[in-house]
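A.B. asks: Let me begin by handing over the structure; questions about it come next.
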Amino acid sequence: MKDETQKLSRRNFLLAVGAGGAASAAAVATAATQAVPQAAPVVEAARREAAEQGVSAHMRSYYRTARV
Amino acid sequence: MTAAIPIQSQPSWSDEDRARAEHYALLARLLHAAPDAALLGALAQSGRLLGGEDGALPQAWAALGAAAAGISLQAACDEFDALFISVGKPAVISNGSWYLTGFLQEEPLAELRADLAELGLGRRTGVTETEDHIAALAEVMRHLVLTAPDAAGLQRQRAFFERHIAPWYAHLAQALAQAPGADFYAKVGALLRAFMDIEREAFDMLEASA
């Protein structure tokens, strides 16, 4: 119960300041998808895991449908 | 009778986690290499959608979008090179160790490497930047957001952020704001600061209600 309250409160905050929500995510993604092929120095393991889990494909699919 | 098909569980992302991950990805890209034309165009478009006057993040988006729309690709690349590329000390250093100790590759980098090892992450072979580069840290945060958006994962995000990003990101943003000749990247610094401020406050909310 406390976790849910905490999550809602945090979510409300992120939405209120403009850092949450589908529209925000989709708008940032128009720029951020440029970033994905050019990963920063560290995350070799991260990118491998993302590929294995289909994260990239899922995200691309999501933003294709959510883009405003 | 049909055989049961094993389903591999995948994390499910809330809209705000998607937005957070994309902000981290964008900041990593912007601070790791000079932009290309597609990125400048996308920034201008995103600035129109997300920009506004009410709040630091919409203001930062409006300014960055306008800057991206008003700068040529060559000028943006020249600004990146002038700020971040040097055979000696660049005008702006993007590594945490510098802001925390006054030197590169100091103890904070060693501590970061130990934490990355625990997370199963490490520097890619052939990469020259060290792991405390802001682009690398943003990529790590993006990875943490995407791979474990649950409560335990959020605590890991909070711990990594508070240990390796929170102590110095504002100093980098200030350095970008004050660097001679910085215009586009001053706006990037403002977006970095606005977004990271939100992250810090949101993580503090976890702490406060724990």
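Residue numbering restarts at 1 in every chain; chains get A, B, ... in the order shown in the structure tokens, and ligands count up from 1 in that same order.
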Skip His23 (chain B) itself and residues of its chain fewer than 5 positions away, then list as a ChimeraX atom specification all residues within 9 Å of it, counting only C-alpha atoms.

C.D. replies: /A:19,25,28-29,32 /B:18,28,138,142,192,195

A.B. asks: Grab the residues selected above and save them as a PDB file, in the first residue's frame with C-alpha atoms.

C.D. replies:
```pdb
ATOM      1  CA  ALA A  19       8.955  14.817 -17.229  1.00  0.00           C
ATOM      2  CA  ALA A  25       7.997  10.403 -23.837  1.00  0.00           C
ATOM      3  CA  VAL A  28      11.577  13.276 -26.446  1.00  0.00           C
ATOM      4  CA  ALA A  29      11.813  10.080 -28.421  1.00  0.00           C
ATOM      5  CA  ALA A  32      16.276  10.390 -28.344  1.00  0.00           C
TER       6      ALA A  32
ATOM      7  CA  ARG B  18       9.772   5.792 -20.848  1.00  0.00           C
ATOM      8  CA  ALA B  28      24.009  10.820 -23.414  1.00  0.00           C
ATOM      9  CA  ALA B 138      23.337   8.760 -18.398  1.00  0.00           C
ATOM     10  CA  ARG B 142      18.828   4.580 -19.017  1.00  0.00           C
ATOM     11  CA  LEU B 192      20.711  18.508 -18.184  1.00  0.00           C
ATOM     12  CA  PHE B 195      16.031  17.061 -15.886  1.00  0.00           C
TER      13      PHE B 195
END
```

A.B. asks: Name the residues in contact with Gly21 (chain A) at a cut-off of 10 Å, using only C-alpha atoms, excluding same-chain residues fewer than 4 positions from it; report them as a list in words.

C.D. replies: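 Result of the neighbour search: Arg11, Asn12, Leu14, Leu15, Ala16, Ala25 and Ala26 of chain A; Ser14, Asp15, Glu16, Asp17, Arg18, Ala19 and Arg20 of chain B.
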
A.B. asks: Go ahead and save the picked residues with N, CA and C atoms, as a PDB file, in the first residue's frame.

C.D. replies:
```
ATOM      1  N   ARG A  11       4.786   9.685  -9.408  1.00  0.00           N
ATOM      2  CA  ARG A  11       4.247   9.792 -10.765  1.00  0.00           C
ATOM      3  C   ARG A  11       3.577  11.155 -10.975  1.00  0.00           C
ATOM      4  N   ASN A  12       2.785  11.566  -9.986  1.00  0.00           N
ATOM      5  CA  ASN A  12       2.127  12.867 -10.095  1.00  0.00           C
ATOM      6  C   ASN A  12       3.146  13.992 -10.218  1.00  0.00           C
ATOM      7  N   LEU A  14       6.233  13.757 -11.439  1.00  0.00           N
ATOM      8  CA  LEU A  14       6.872  13.707 -12.760  1.00  0.00           C
ATOM      9  C   LEU A  14       5.939  14.238 -13.844  1.00  0.00           C
ATOM     10  N   LEU A  15       4.672  13.924 -13.703  1.00  0.00           N
ATOM     11  CA  LEU A  15       3.706  14.447 -14.680  1.00  0.00           C
ATOM     12  C   LEU A  15       3.583  15.966 -14.562  1.00  0.00           C
ATOM     13  N   ALA A  16       3.556  16.451 -13.329  1.00  0.00           N
ATOM     14  CA  ALA A  16       3.347  17.879 -13.114  1.00  0.00           C
ATOM     15  C   ALA A  16       4.483  18.725 -13.665  1.00  0.00           C
ATOM     16  N   ALA A  25       7.097  11.482 -23.399  1.00  0.00           N
ATOM     17  CA  ALA A  25       7.997  10.403 -23.837  1.00  0.00           C
ATOM     18  C   ALA A  25       8.101  10.367 -25.348  1.00  0.00           C
ATOM     19  N   ALA A  26       6.969  10.500 -26.013  1.00  0.00           N
ATOM     20  CA  ALA A  26       6.981  10.422 -27.473  1.00  0.00           C
ATOM     21  C   ALA A  26       7.727  11.597 -28.080  1.00  0.00           C
TER      22      ALA A  26
ATOM     23  N   SER B  14       6.169   2.320 -17.371  1.00  0.00           N
ATOM     24  CA  SER B  14       5.167   3.389 -17.285  1.00  0.00           C
ATOM     25  C   SER B  14       5.573   4.499 -18.257  1.00  0.00           C
ATOM     26  N   ASP B  15       4.622   5.370 -18.544  1.00  0.00           N
ATOM     27  CA  ASP B  15       4.935   6.493 -19.433  1.00  0.00           C
ATOM     28  C   ASP B  15       6.073   7.342 -18.883  1.00  0.00           C
ATOM     29  N   GLU B  16       6.059   7.558 -17.562  1.00  0.00           N
ATOM     30  CA  GLU B  16       7.098   8.419 -17.008  1.00  0.00           C
ATOM     31  C   GLU B  16       8.470   7.739 -17.070  1.00  0.00           C
ATOM     32  N   ASP B  17       8.497   6.420 -16.925  1.00  0.00           N
ATOM     33  CA  ASP B  17       9.790   5.743 -17.052  1.00  0.00           C
ATOM     34  C   ASP B  17      10.284   5.779 -18.500  1.00  0.00           C
ATOM     35  N   ARG B  18       9.354   5.656 -19.443  1.00  0.00           N
ATOM     36  CA  ARG B  18       9.772   5.792 -20.848  1.00  0.00           C
ATOM     37  C   ARG B  18      10.345   7.187 -21.090  1.00  0.00           C
ATOM     38  N   ALA B  19       9.661   8.189 -20.567  1.00  0.00           N
ATOM     39  CA  ALA B  19      10.132   9.566 -20.757  1.00  0.00           C
ATOM     40  C   ALA B  19      11.488   9.775 -20.094  1.00  0.00           C
ATOM     41  N   ARG B  20      11.651   9.206 -18.903  1.00  0.00           N
ATOM     42  CA  ARG B  20      12.940   9.330 -18.214  1.00  0.00           C
ATOM     43  C   ARG B  20      14.038   8.652 -19.016  1.00  0.00           C
TER      44      ARG B  20
END
```

A.B. asks: Go through B:Ala177, B:Leu112, B:Ile134, B:Ala159 one by one, measure the shortest atom-to-atom distance of each to Leu31 (chain B) using only C-alpha atoms, and give the residue with the smallest value.

C.D. replies: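 Nearest candidate to Leu31 (chain B) out of B:Ala177, B:Leu112, B:Ile134, B:Ala159: B:Ile134.
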
A.B. asks: Could you jot down the CA of Ala110 (chain B) to CA of Gly189 (chain B) separation for me, Å, one decimal place?

C.D. replies: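 CA of Gly189 (chain B) lies 25.7 Å from CA of Ala110 (chain B).
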
A.B. asks: Figure out the distance between CA of Leu49 (chain B) and CA of Ala69 (chain B), please, to one decimal in Å.

C.D. replies: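 Going from CA of Ala69 (chain B) over to CA of Leu49 (chain B) covers 13.4 Å.
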
A.B. asks: From region 44-109 of chain B, collect each residue whose DSSP state is alpha helix (DSSP H) and return the set as JSON, numbers by chain.

C.D. replies: {"B": [44, 45, 46, 47, 48, 49, 50, 56, 57, 58, 59, 60, 61, 62, 63, 64, 65, 66, 67, 68, 69, 70, 73, 74, 75, 76, 77, 78, 79, 80, 81, 82, 83, 84, 96, 97, 98, 99, 100, 101, 107, 108, 109]}

A.B. asks: Would you pick out the contacts of region 196-207 of chain B at 10 Å or less, using only C-alpha atoms, so that residues sharing its chain but fewer than 2 positions from it are not included, and give the list as a PyMOL selection string?

C.D. replies: (chain A and resi 3+6-7+9-14+17-19) or (chain B and resi 20+23-24+56-57+151+154-155+157-159+161-162+165-166+169-170+190-194+209-210)

A.B. asks: Export N, CA and C atoms of the chosen residues as a compact mmCIF listing (two decimals), in the first residue's frame?

C.D. replies:
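Just written: out01.txt:
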```
# COMPACT_ATOMS: atom_id res chain seq x y z
N ASP A 3 3.93 1.38 -0.97
CA ASP A 3 4.62 1.44 -2.26
C ASP A 3 3.75 2.10 -3.32
N GLN A 6 3.47 5.81 -2.69
CA GLN A 6 4.75 6.39 -3.05
C GLN A 6 4.87 6.54 -4.56
N LYS A 7 4.45 5.47 -5.27
CA LYS A 7 4.56 5.46 -6.72
C LYS A 7 3.65 6.54 -7.33
N SER A 9 2.50 9.26 -5.90
CA SER A 9 2.98 10.58 -5.56
C SER A 9 4.13 10.98 -6.49
N ARG A 10 5.04 10.05 -6.69
CA ARG A 10 6.19 10.31 -7.56
C ARG A 10 5.71 10.51 -9.00
N ARG A 11 4.79 9.68 -9.41
CA ARG A 11 4.25 9.79 -10.77
C ARG A 11 3.58 11.15 -10.97
N ASN A 12 2.78 11.57 -9.99
CA ASN A 12 2.13 12.87 -10.09
C ASN A 12 3.15 13.99 -10.22
N PHE A 13 4.21 13.87 -9.45
CA PHE A 13 5.26 14.88 -9.51
C PHE A 13 5.87 14.92 -10.91
N LEU A 14 6.23 13.76 -11.44
CA LEU A 14 6.87 13.71 -12.76
C LEU A 14 5.94 14.24 -13.84
N VAL A 17 5.70 18.20 -13.58
CA VAL A 17 6.85 19.01 -14.03
C VAL A 17 7.16 18.77 -15.50
N GLY A 18 6.38 17.93 -16.15
CA GLY A 18 6.56 17.72 -17.58
C GLY A 18 7.55 16.64 -17.93
N ALA A 19 7.97 15.86 -16.96
CA ALA A 19 8.96 14.82 -17.23
C ALA A 19 8.32 13.43 -17.30
N ARG B 20 11.65 9.21 -18.90
CA ARG B 20 12.94 9.33 -18.21
C ARG B 20 14.04 8.65 -19.02
N HIS B 23 14.97 10.76 -21.97
CA HIS B 23 15.77 11.93 -21.60
C HIS B 23 17.23 11.53 -21.34
N TYR B 24 17.41 10.44 -20.63
CA TYR B 24 18.79 9.98 -20.38
C TYR B 24 19.49 9.65 -21.70
N ALA B 56 11.01 24.64 -15.10
CA ALA B 56 12.38 24.64 -15.61
C ALA B 56 12.56 23.71 -16.81
N LEU B 57 11.91 22.55 -16.77
CA LEU B 57 12.10 21.62 -17.88
C LEU B 57 11.45 22.13 -19.18
N ALA B 151 10.08 -1.70 -8.05
CA ALA B 151 10.46 -0.96 -6.84
C ALA B 151 11.93 -1.18 -6.48
N LEU B 154 14.05 0.70 -8.85
CA LEU B 154 14.01 2.14 -8.58
C LEU B 154 14.99 2.50 -7.47
N GLN B 155 15.10 1.63 -6.51
CA GLN B 155 16.07 1.87 -5.43
C GLN B 155 17.51 1.79 -5.96
N GLN B 157 18.34 2.53 -9.04
CA GLN B 157 18.51 3.79 -9.78
C GLN B 157 18.85 4.92 -8.84
N ARG B 158 18.09 5.00 -7.74
CA ARG B 158 18.31 6.06 -6.78
C ARG B 158 19.73 6.02 -6.20
N ALA B 159 20.16 4.82 -5.84
CA ALA B 159 21.50 4.69 -5.25
C ALA B 159 22.58 5.10 -6.25
N PHE B 161 22.27 7.05 -8.92
CA PHE B 161 22.14 8.48 -9.21
C PHE B 161 22.75 9.31 -8.08
N GLU B 162 22.38 9.00 -6.86
CA GLU B 162 22.83 9.82 -5.73
C GLU B 162 24.33 9.71 -5.51
N ILE B 165 26.00 10.77 -9.83
CA ILE B 165 25.57 11.87 -10.69
C ILE B 165 25.20 13.11 -9.87
N ALA B 166 24.39 12.90 -8.84
CA ALA B 166 23.88 14.04 -8.07
C ALA B 166 24.96 14.98 -7.53
N TYR B 169 26.48 17.04 -11.21
CA TYR B 169 25.90 17.41 -12.51
C TYR B 169 25.66 18.91 -12.63
N ALA B 170 25.30 19.57 -11.51
CA ALA B 170 25.04 21.01 -11.56
C ALA B 170 26.31 21.78 -11.89
N ALA B 190 21.48 23.42 -19.64
CA ALA B 190 20.26 23.80 -18.91
C ALA B 190 19.25 22.65 -18.89
N LEU B 191 19.18 21.92 -20.01
CA LEU B 191 18.28 20.76 -20.03
C LEU B 191 18.79 19.68 -19.08
N LEU B 192 20.10 19.48 -19.10
CA LEU B 192 20.71 18.51 -18.18
C LEU B 192 20.34 18.86 -16.74
N ARG B 193 20.50 20.10 -16.39
CA ARG B 193 20.25 20.51 -15.01
C ARG B 193 18.76 20.39 -14.66
N ALA B 194 17.90 20.84 -15.57
CA ALA B 194 16.47 20.79 -15.28
C ALA B 194 16.00 19.35 -15.09
N SER B 209 9.35 9.06 1.89
CA SER B 209 8.21 8.23 2.28
C SER B 209 8.62 6.81 2.65
N ALA B 210 9.95 6.55 2.67
CA ALA B 210 10.42 5.20 3.02
C ALA B 210 10.29 4.96 4.51
```

A.B. asks: Using only C-alpha atoms and a distance of at most 6 Å, pull out the residues of chain B that contact chain A, as a list in words.

C.D. replies: Asp15, Glu16, Arg18, Ala19, Glu22, Ala25, Leu26, Arg29, Leu39, Ala42, Leu43, Ser46, Leu121, Gly122, Arg123, Arg124, Glu131, Ala135, Ala136, His143 and Ala202 of chain B

A.B. asks: Need to verify the contact set: Leu144 (chain B), 9 Å, only C-alpha atoms, exclusion of same-chain residues closer than 2 positions in sequence. Can you return it as an MDAnalysis selection string?

C.D. replies: (chainID A and resid 46) or (chainID B and resid 21 139:142 146:149 153:154 156:157)

A.B. asks: Keeping only C-alpha atoms, write those residues as a CSV table (one decimal), in the first residue's frame.

C.D. replies:
```csv
chain,number,residue,atom,x,y,z
A,46,ALA,CA,23.3,-3.0,-21.2
B,21,ALA,CA,14.8,6.7,-20.3
B,139,GLU,CA,23.5,5.5,-20.4
B,140,VAL,CA,23.8,3.5,-17.2
B,141,MET,CA,20.7,5.3,-15.8
B,142,ARG,CA,18.8,4.6,-19.0
B,146,LEU,CA,14.6,0.1,-18.8
B,147,THR,CA,15.8,-3.2,-17.3
B,148,ALA,CA,14.3,-2.9,-13.9
B,149,PRO,CA,11.4,-0.5,-13.6
B,153,GLY,CA,15.1,-1.4,-9.5
B,154,LEU,CA,14.0,2.1,-8.6
B,156,ARG,CA,19.1,0.8,-7.5
B,157,GLN,CA,18.5,3.8,-9.8
```

A.B. asks: What is the CA of Trp61 (chain B)-CA of Gly47 (chain B) distance in Å, reported with one decimal?

C.D. replies: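 Taking CA of Trp61 (chain B) and CA of Gly47 (chain B), their separation equals 5.0 Å.
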
A.B. asks: Find the residue from B:Leu100, B:Leu137, B:Ala68, B:Val145 that sits nearest to Leu116 (chain B); use only C-alpha atoms when measuring.

C.D. replies: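 The shortest atom-to-atom distance to Leu116 (chain B) comes from B:Leu137.
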